[in-house]
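Everything below belongs to data-v3.tsv, which stores TSV, C-alpha atoms and all ligand atoms.
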```
chain	number	residue	atom	x	y	z
A	219	MET	CA	48.98	146.91	231.96
A	220	LYS	CA	50.39	143.43	231.50
A	221	LYS	CA	53.52	143.23	229.37
A	222	PRO	CA	53.06	141.15	226.21
A	223	ASP	CA	55.41	138.18	225.86
A	224	VAL	CA	54.98	138.03	222.13
A	225	LYS	CA	53.35	139.84	219.22
A	226	LEU	CA	51.05	138.63	216.46
A	227	VAL	CA	50.22	140.98	213.56
A	228	ILE	CA	47.29	140.81	211.12
A	229	LEU	CA	48.13	142.26	207.71
A	230	GLY	CA	46.16	142.49	204.48
A	231	ASP	CA	44.37	144.72	202.03
A	232	VAL	CA	41.55	147.05	202.92
A	233	ASN	CA	38.17	145.37	203.48
A	234	VAL	CA	39.39	141.75	203.67
A	235	GLY	CA	37.99	141.42	207.21
A	236	LYS	CA	41.00	141.75	209.52
A	237	THR	CA	39.11	143.70	212.17
A	238	SER	CA	36.08	141.43	211.83
A	239	LEU	CA	38.23	138.35	212.43
A	240	LEU	CA	39.61	139.86	215.61
A	241	HIS	CA	36.12	140.90	216.77
A	242	ARG	CA	34.79	137.44	216.07
A	243	TYR	CA	37.55	135.88	218.13
A	244	THR	CA	37.55	138.31	221.03
A	245	GLU	CA	33.87	139.27	221.23
A	246	ARG	CA	32.35	136.10	219.74
A	247	ARG	CA	30.26	138.08	217.27
A	248	PHE	CA	30.19	139.69	213.84
A	249	LYS	CA	29.51	143.38	214.07
A	250	ASP	CA	29.73	146.49	211.92
A	251	THR	CA	33.22	147.82	211.45
A	252	VAL	CA	34.77	151.03	210.23
A	253	SER	CA	37.94	150.99	208.18
A	254	THR	CA	40.86	150.85	210.61
A	255	VAL	CA	42.95	153.97	211.09
A	256	GLY	CA	46.60	153.24	211.89
A	257	GLY	CA	46.31	150.13	214.02
A	258	ALA	CA	44.82	148.75	217.19
A	259	PHE	CA	45.86	146.03	219.54
A	260	PHE	CA	44.26	143.50	221.81
A	261	LEU	CA	45.95	141.59	224.61
A	262	LYS	CA	45.12	137.91	224.88
A	263	GLN	CA	46.05	135.79	227.87
A	264	TRP	CA	46.98	132.33	226.67
A	265	GLY	CA	47.75	130.12	229.66
A	266	PRO	CA	50.47	131.96	231.57
A	267	TYR	CA	51.47	134.00	228.51
A	268	ASN	CA	50.31	137.38	227.21
A	269	ILE	CA	49.99	137.72	223.47
A	270	SER	CA	49.40	141.06	221.80
A	271	ILE	CA	47.39	140.88	218.60
A	272	TRP	CA	47.81	143.86	216.28
A	273	ASP	CA	45.07	144.73	213.82
A	274	THR	CA	46.51	146.96	211.09
A	275	ALA	CA	44.95	149.26	208.52
A	276	GLY	CA	44.81	147.99	204.95
A	277	ARG	CA	44.44	151.45	203.48
A	278	GLU	CA	47.37	152.53	201.34
A	279	GLN	CA	47.87	155.75	203.31
A	280	PHE	CA	48.84	153.75	206.42
A	281	HIS	CA	51.11	151.37	204.58
A	282	GLY	CA	54.27	152.88	206.04
A	283	LEU	CA	53.18	151.86	209.54
A	284	GLY	CA	53.08	148.17	208.63
A	285	SER	CA	56.76	147.44	209.07
A	286	MET	CA	56.72	149.26	212.40
A	287	TYR	CA	53.88	147.06	213.66
A	288	CYS	CA	55.73	143.97	212.41
A	289	ARG	CA	58.93	144.76	214.27
A	290	GLY	CA	59.86	141.70	216.33
A	291	ALA	CA	56.57	139.92	215.54
A	292	ALA	CA	56.49	136.23	216.34
A	293	ALA	CA	53.61	135.55	213.96
A	294	VAL	CA	52.08	137.32	210.99
A	295	VAL	CA	48.64	136.59	209.56
A	296	LEU	CA	48.51	137.52	205.87
A	297	THR	CA	44.82	137.95	205.13
A	298	TYR	CA	42.95	138.08	201.82
A	299	ASP	CA	39.32	137.85	200.68
A	300	VAL	CA	38.59	134.55	198.90
A	301	THR	CA	36.26	136.37	196.48
A	302	ASN	CA	38.85	138.99	195.51
A	303	TRP	CA	41.97	137.91	193.62
A	304	GLN	CA	43.54	141.35	193.89
A	305	SER	CA	43.51	141.19	197.68
A	306	PHE	CA	45.49	137.94	197.41
A	307	ALA	CA	47.99	139.39	194.89
A	308	GLU	CA	48.56	142.38	197.19
A	309	LEU	CA	49.92	140.10	199.91
A	310	GLU	CA	53.02	139.35	197.86
A	311	ASP	CA	53.21	142.70	196.08
A	312	ARG	CA	52.69	145.02	199.00
A	313	PHE	CA	52.57	143.29	202.38
A	314	LEU	CA	55.25	140.61	202.42
A	315	ALA	CA	58.12	143.13	202.43
A	316	LEU	CA	56.64	144.72	205.57
A	317	THR	CA	57.46	141.52	207.46
A	318	ASP	CA	61.22	142.02	207.00
A	319	THR	CA	61.26	143.58	210.46
A	320	ALA	CA	59.56	140.57	212.09
A	321	SER	CA	61.44	138.09	214.25
A	322	ALA	CA	63.82	135.80	212.30
A	323	ASP	CA	61.78	132.76	213.33
A	324	CYS	CA	58.44	134.45	212.58
A	325	ILE	CA	55.54	132.09	211.85
A	326	PHE	CA	53.34	132.90	208.86
A	327	ALA	CA	49.71	132.02	208.32
A	328	ILE	CA	47.82	132.76	205.12
A	329	VAL	CA	44.14	133.37	205.66
A	330	GLY	CA	41.38	133.51	203.06
A	331	ASN	CA	38.44	135.22	204.78
A	332	LYS	CA	34.76	135.60	203.71
A	333	ALA	CA	34.47	131.89	202.96
A	334	ASP	CA	30.73	132.22	203.65
A	335	LEU	CA	30.36	134.20	200.42
A	336	THR	CA	31.51	131.49	198.06
A	337	ASP	CA	29.61	129.14	195.78
A	338	GLU	CA	31.02	126.17	197.66
A	339	CYS	CA	28.60	126.83	200.49
A	340	ALA	CA	25.64	126.79	198.20
A	341	SER	CA	26.46	123.25	197.21
A	342	VAL	CA	26.39	121.88	200.76
A	343	PRO	CA	23.25	119.74	200.75
A	344	HIS	CA	22.42	119.56	204.47
A	345	PRO	CA	23.44	122.68	206.35
A	346	GLU	CA	22.24	121.10	209.62
A	347	ALA	CA	24.61	118.17	209.31
A	348	GLU	CA	27.46	120.38	208.19
A	349	ARG	CA	26.89	123.12	210.74
A	350	ASP	CA	30.32	122.80	212.30
A	351	ALA	CA	32.16	122.37	209.05
A	352	CYS	CA	30.42	124.84	206.79
A	353	PRO	CA	31.26	128.54	206.80
A	354	CYS	CA	27.69	129.53	205.89
A	355	PRO	CA	26.23	131.66	208.67
A	356	SER	CA	22.78	130.12	208.35
A	357	PRO	CA	21.13	127.74	205.92
A	358	VAL	CA	22.51	128.54	202.54
A	359	SER	CA	22.45	132.23	201.84
A	360	THR	CA	21.31	133.47	198.46
A	361	THR	CA	23.97	135.98	197.39
A	362	LYS	CA	27.00	133.91	196.46
A	363	SER	CA	30.17	135.06	194.78
A	364	HIS	CA	32.63	133.04	192.83
A	365	LYS	CA	35.66	131.97	194.73
A	366	GLN	CA	38.59	133.70	193.07
A	367	VAL	CA	41.36	132.23	195.21
A	368	VAL	CA	41.59	128.52	196.00
A	369	LYS	CA	43.54	126.91	198.81
A	370	GLU	CA	46.20	125.67	196.37
A	371	ASP	CA	47.00	129.31	195.49
A	372	ALA	CA	47.53	130.03	199.18
A	373	VAL	CA	49.71	126.94	199.62
A	374	ALA	CA	51.86	128.03	196.65
A	375	LEU	CA	52.19	131.51	198.17
A	376	TYR	CA	53.23	130.04	201.52
A	377	LYS	CA	55.99	128.09	199.78
A	378	ARG	CA	57.17	131.24	198.00
A	379	ILE	CA	57.24	133.04	201.35
A	380	LEU	CA	59.50	130.34	202.79
A	381	LYS	CA	61.81	130.82	199.81
A	382	TYR	CA	61.75	134.60	200.30
A	383	LYS	CA	62.66	134.07	203.95
A	384	MET	CA	65.29	131.51	202.91
A	385	LEU	CA	63.65	128.85	205.05
A	386	GLU	CA	63.33	125.16	204.28
A	387	GLU	CA	59.83	123.71	204.32
A	388	LYS	CA	61.22	120.82	206.39
A	389	GLN	CA	62.09	123.18	209.24
A	390	CYS	CA	58.65	124.81	209.23
A	391	GLN	CA	55.05	123.71	209.46
A	392	ALA	CA	53.65	122.03	206.35
A	393	ALA	CA	52.21	124.65	204.00
A	394	GLU	CA	48.73	123.07	204.10
A	395	ALA	CA	48.60	123.47	207.88
A	396	MET	CA	49.38	127.18	207.68
A	397	CYS	CA	46.75	128.12	205.09
A	398	PHE	CA	43.28	128.71	206.50
A	399	GLU	CA	39.93	129.64	205.03
A	400	THR	CA	37.77	131.52	207.50
A	401	SER	CA	34.56	133.43	207.89
A	402	ALA	CA	34.41	136.20	210.44
A	403	LYS	CA	30.69	136.29	209.72
A	404	SER	CA	29.92	132.69	210.67
A	405	GLY	CA	32.95	132.07	212.87
A	406	TYR	CA	34.18	129.27	210.63
A	407	ASN	CA	37.81	128.35	211.50
A	408	VAL	CA	38.38	131.59	213.42
A	409	ASP	CA	39.20	129.97	216.79
A	410	LEU	CA	41.27	127.35	214.99
A	411	LEU	CA	43.33	130.05	213.28
A	412	PHE	CA	44.15	132.08	216.37
A	413	GLU	CA	44.60	129.19	218.75
A	414	THR	CA	46.86	127.28	216.36
A	415	LEU	CA	49.08	130.34	216.20
A	416	PHE	CA	49.02	130.90	219.97
A	417	ASP	CA	50.19	127.32	220.51
A	418	MET	CA	52.90	127.76	217.91
A	419	VAL	CA	54.41	130.91	219.43
A	420	VAL	CA	54.73	129.46	222.94
A	421	PRO	CA	58.02	127.56	222.28
A	422	GLY	CA	59.53	130.85	221.05
A	423	ILE	CA	58.52	132.56	224.32
A	424	LEU	CA	60.12	129.76	226.33
A	425	ARG	CA	63.26	129.87	224.19
A	426	LYS	CA	63.60	133.62	224.68
A	427	ARG	CA	63.07	133.28	228.41
A	428	ALA	CA	65.75	130.58	228.62
A	429	GLU	CA	68.19	132.72	226.61
A	430	GLY	CA	67.39	135.67	228.84
A	431	LEU	CA	68.08	133.59	231.93
A	432	SER	CA	71.34	132.19	230.60
A	433	GLN	CA	72.54	135.73	229.90
A	434	THR	CA	71.67	136.92	233.39
A	435	VAL	CA	74.69	137.16	235.70
A	436	ASP	CA	73.99	135.66	239.11
A	437	LEU	CA	75.73	138.11	241.46
A	438	MET	CA	75.45	135.80	244.48
A	439	GLU	CA	77.20	133.02	242.59
A	440	CYS	CA	79.97	135.35	241.42
A	441	LYS	CA	80.57	136.86	244.87
A	442	GLY	CA	84.03	136.04	246.17
A	443	THR	CA	85.05	133.79	243.30
A	444	GLY	CA	86.80	136.22	240.97
A	445	PRO	CA	90.04	138.18	241.50
A	446	LYS	CA	89.53	141.27	243.62
A	447	SER	CA	89.59	144.60	241.92
A	448	SER	CA	92.66	146.59	242.93
A	449	CYS	CA	91.02	149.99	243.13
A	450	CYS	CA	87.84	149.48	245.15
A	451	TYR	CA	89.04	147.80	248.33
B	1	LIG	N1	30.38	138.08	204.25
B	1	LIG	C1	31.41	138.43	205.01
B	1	LIG	N2	31.71	139.72	205.18
B	1	LIG	C2	32.77	140.03	205.95
B	1	LIG	C3	33.56	139.04	206.59
B	1	LIG	N3	34.54	139.66	207.28
B	1	LIG	C4	34.35	140.97	207.10
B	1	LIG	N4	33.29	141.20	206.32
B	1	LIG	C5	32.79	142.53	205.88
B	1	LIG	O1	33.80	143.15	205.11
B	1	LIG	C6	33.87	144.55	205.38
B	1	LIG	C7	35.25	144.92	205.86
B	1	LIG	O2	35.53	144.30	207.09
B	1	LIG	P1	36.68	144.82	208.07
B	1	LIG	O3	36.84	143.81	209.13
B	1	LIG	O4	36.43	146.22	208.48
B	1	LIG	O5	37.93	144.80	207.07
B	1	LIG	P2	39.44	145.22	207.36
B	1	LIG	O6	40.32	144.25	206.69
B	1	LIG	O7	39.66	145.41	208.82
B	1	LIG	O8	39.55	146.61	206.59
B	1	LIG	P3	40.57	147.85	206.90
B	1	LIG	O9	40.52	148.14	208.35
B	1	LIG	O10	40.03	149.01	206.09
B	1	LIG	O11	41.93	147.45	206.44
B	1	LIG	C8	32.78	144.83	206.41
B	1	LIG	O12	31.62	145.27	205.73
B	1	LIG	C9	32.54	143.47	207.06
B	1	LIG	O13	31.22	143.35	207.55
B	1	LIG	C10	33.21	137.67	206.39
B	1	LIG	O14	33.81	136.72	206.88
B	1	LIG	N5	32.12	137.43	205.58
B	2	MG	MG	40.14	147.01	209.97
```
Would you mind writing the structure in this file as structure tokens?
Ligand SMILES: Nc1nc2c(ncn2[C@@H]2O[C@H](COP(=O)(O)OP(=O)(O)OP(=O)(O)O)[C@@H](O)[C@H]2O)c(=O)[nH]1
Ligand SMILES: [Mg+2]
Amino acid sequence: MKKPDVKLVILGDVNVGKTSLLHRYTERRFKDTVSTVGGAFFLKQWGPYNISIWDTAGREQFHGLGSMYCRGAAAVVLTYDVTNWQSFAELEDRFLALTDTASADCIFAIVGNKADLTDECASVPHPEAERDACPCPSPVSTTKSHKQVVKEDAVALYKRILKYKMLEEKQCQAAEAMCFETSAKSGYNVDLLFETLFDMVVPGILRKRAEGLSQTVDLMECKGTGPKSSCCY
């Protein structure tokens, strides 16, 4: 098996659509899921790099595993359901602390999934014209829920995360760029989410490789230059 260069972890409450997002991205379809047990990972080749994507279980009983999955992670996707305020609140209450084991320069994305379920879609007048922009899976569906979390809530959370991590917003991506609304059902913004993160973790891979190289002792270069050991000759 190929060795991953870097790790990306998807966290979030039960039922928010973590597994569905990964299926949509990797298999290009929305299919039935069963609640994840423990965790599962997928290896994505991105240019010359291998990125492991970890799908975790939202169920409380697997909570303890979260910080283990996050160990050394280069990116964490904090996922909530836009129609469920509690799933958003849980990110700060329950999941953020799990990321303490992630890499110090870990990148965070906040993702509001199930955008296809919201009232906003119902108000799009011409689904044909908006096909690429609208998260509705087909011309306006009939069962709509109220959106309980708006993008501004996610942006505010992102800023609180930077504070928690003692990072300056200036050093990181703008909060607006790291908050996504997606639909695993329609595919809305799913490629954008994953591929934005893949691009963002590449400099970290290169940095680590360069550090690794600079710490490697070149034995050929050292040969004959230092003082000879007194006991081995
Ligand atoms: N309408 C809609 N339903 C979705 C979407 N994403 C997931 N679902 C549904 O939400 C339910 C839960 O999806 P999962 O992907 O299994 O959720 P999960 O976050 O992986 O849940 P756990 O593994 O239990 O933590 C399933 O019935 C999905 O079909 C979406 O974008 N839109
Ligand atoms: Mg799952």
Legend entry - All residues 8 Å or closer to Ala402 of chain A, all atoms listed in the file, same chain fewer than 6 positions away omitted, as a list of chain:residue names: A:Gly235, A:Ser238, A:Leu239, A:Arg242, A:Phe248, A:Asn331, A:Lys332, A:Val408
Inset, instruction - Return as a PyMOL selection string every polymer residue, whether protein, DNA or RNA, with at least one atom no more than 9 Å from an atom of ligand LIG 1 (chain B); count only C-alpha atoms and all ligand atoms. - result: chain A and resi 228-241+248-257+273-277+297-299+331-335+353+355+400-406
Quick one: residues within 9 Å of Ser321 of chain A, only C-alpha atoms, excluding same-chain residues fewer than 6 positions away - as a PDB file with C-alpha atoms, in the frame of the given file?
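Result went into selection_25.pdb, see below:
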```
ATOM      1  CA  CYS A 288      55.730 143.970 212.410  1.00  0.00           C
ATOM      2  CA  ARG A 289      58.930 144.760 214.270  1.00  0.00           C
ATOM      3  CA  GLY A 290      59.860 141.700 216.330  1.00  0.00           C
ATOM      4  CA  ALA A 291      56.570 139.920 215.540  1.00  0.00           C
ATOM      5  CA  ALA A 292      56.490 136.230 216.340  1.00  0.00           C
ATOM      6  CA  ALA A 293      53.610 135.550 213.960  1.00  0.00           C
TER       7      ALA A 293
END
```
Legend entry - Spatial neighbours of Lys262 of chain A, 12 Å, all atoms listed in the file, chain gap at least 2 places, as a PyMOL selection string: chain A and resi 220-226+240+243-245+259-260+264-272+412-413+416
Inset, instruction - May I have the residues at most 9 Å from (53.7, 150.7, 203.7) in the file's coordinates, counting only C-alpha atoms, as a ChimeraX atom specification? - result: /A:278-285,312-313,315-316
Since we have the selection now, will you write its residues out, keeping C-alpha atoms, as a JSON list (two decimals), keeping the file's coordinate frame?
```
[["chain", "number", "residue", "atom", "x", "y", "z"],
["A", 278, "GLU", "CA", 47.37, 152.53, 201.34],
["A", 279, "GLN", "CA", 47.87, 155.75, 203.31],
["A", 280, "PHE", "CA", 48.84, 153.75, 206.42],
["A", 281, "HIS", "CA", 51.11, 151.37, 204.58],
["A", 282, "GLY", "CA", 54.27, 152.88, 206.04],
["A", 283, "LEU", "CA", 53.18, 151.86, 209.54],
["A", 284, "GLY", "CA", 53.08, 148.17, 208.63],
["A", 285, "SER", "CA", 56.76, 147.44, 209.07],
["A", 312, "ARG", "CA", 52.69, 145.02, 199.00],
["A", 313, "PHE", "CA", 52.57, 143.29, 202.38],
["A", 315, "ALA", "CA", 58.12, 143.13, 202.43],
["A", 316, "LEU", "CA", 56.64, 144.72, 205.57]]
```
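Going from atom CA of Leu410 of chain A to atom CA of Tyr287 of chain A covers 23.4 Å.
As for atom CA of Val295 of chain A and atom CA of Thr336 of chain A, they are spaced 21.3 Å apart.
Comparing the minimum interatomic distances between ligand MG 2 (chain B) and each of A:Lys362, A:Ala258, A:Asp318, A:Val420, counting all atoms listed in the file, we find that A:Ala258 sits nearest.
Across the model, the gap from atom CA of Val294 of chain A to atom CA of Pro421 of chain A is 16.1 Å.
Using only C-alpha atoms for every distance, the candidate list A:Asn407, A:Gln391, A:Thr301, A:Gln263 yields A:Gln391 as the residue closest to Phe326 of chain A.
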Legend entry - Test item: residues at most 8 Å from Asn302 of chain A, all atoms listed in the file, excluding those fewer than 5 positions along its chain, as a list in words: Lys365, Gln366 and Val367 of chain A
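Shortest separation to Tyr376 of chain A among A:Arg247, A:Val419, A:Ala392, A:Arg425 occurs at residue A:Ala392, atoms counted being only C-alpha atoms.
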Inset, instruction - Counting all atoms listed in the file, figure out which residue out of A:Cys397, A:Leu411, A:Val227, A:Ala322 gets nearest to Lys383 of chain A. - result: A:Ala322
Inset, instruction - Tell me which protein, DNA and RNA residues are within 12 Å of Glu370 of chain A, counting all atoms listed in the file, leaving out same-chain ones fewer than 6 positions away, and put them as a count of residues only. - result: 12
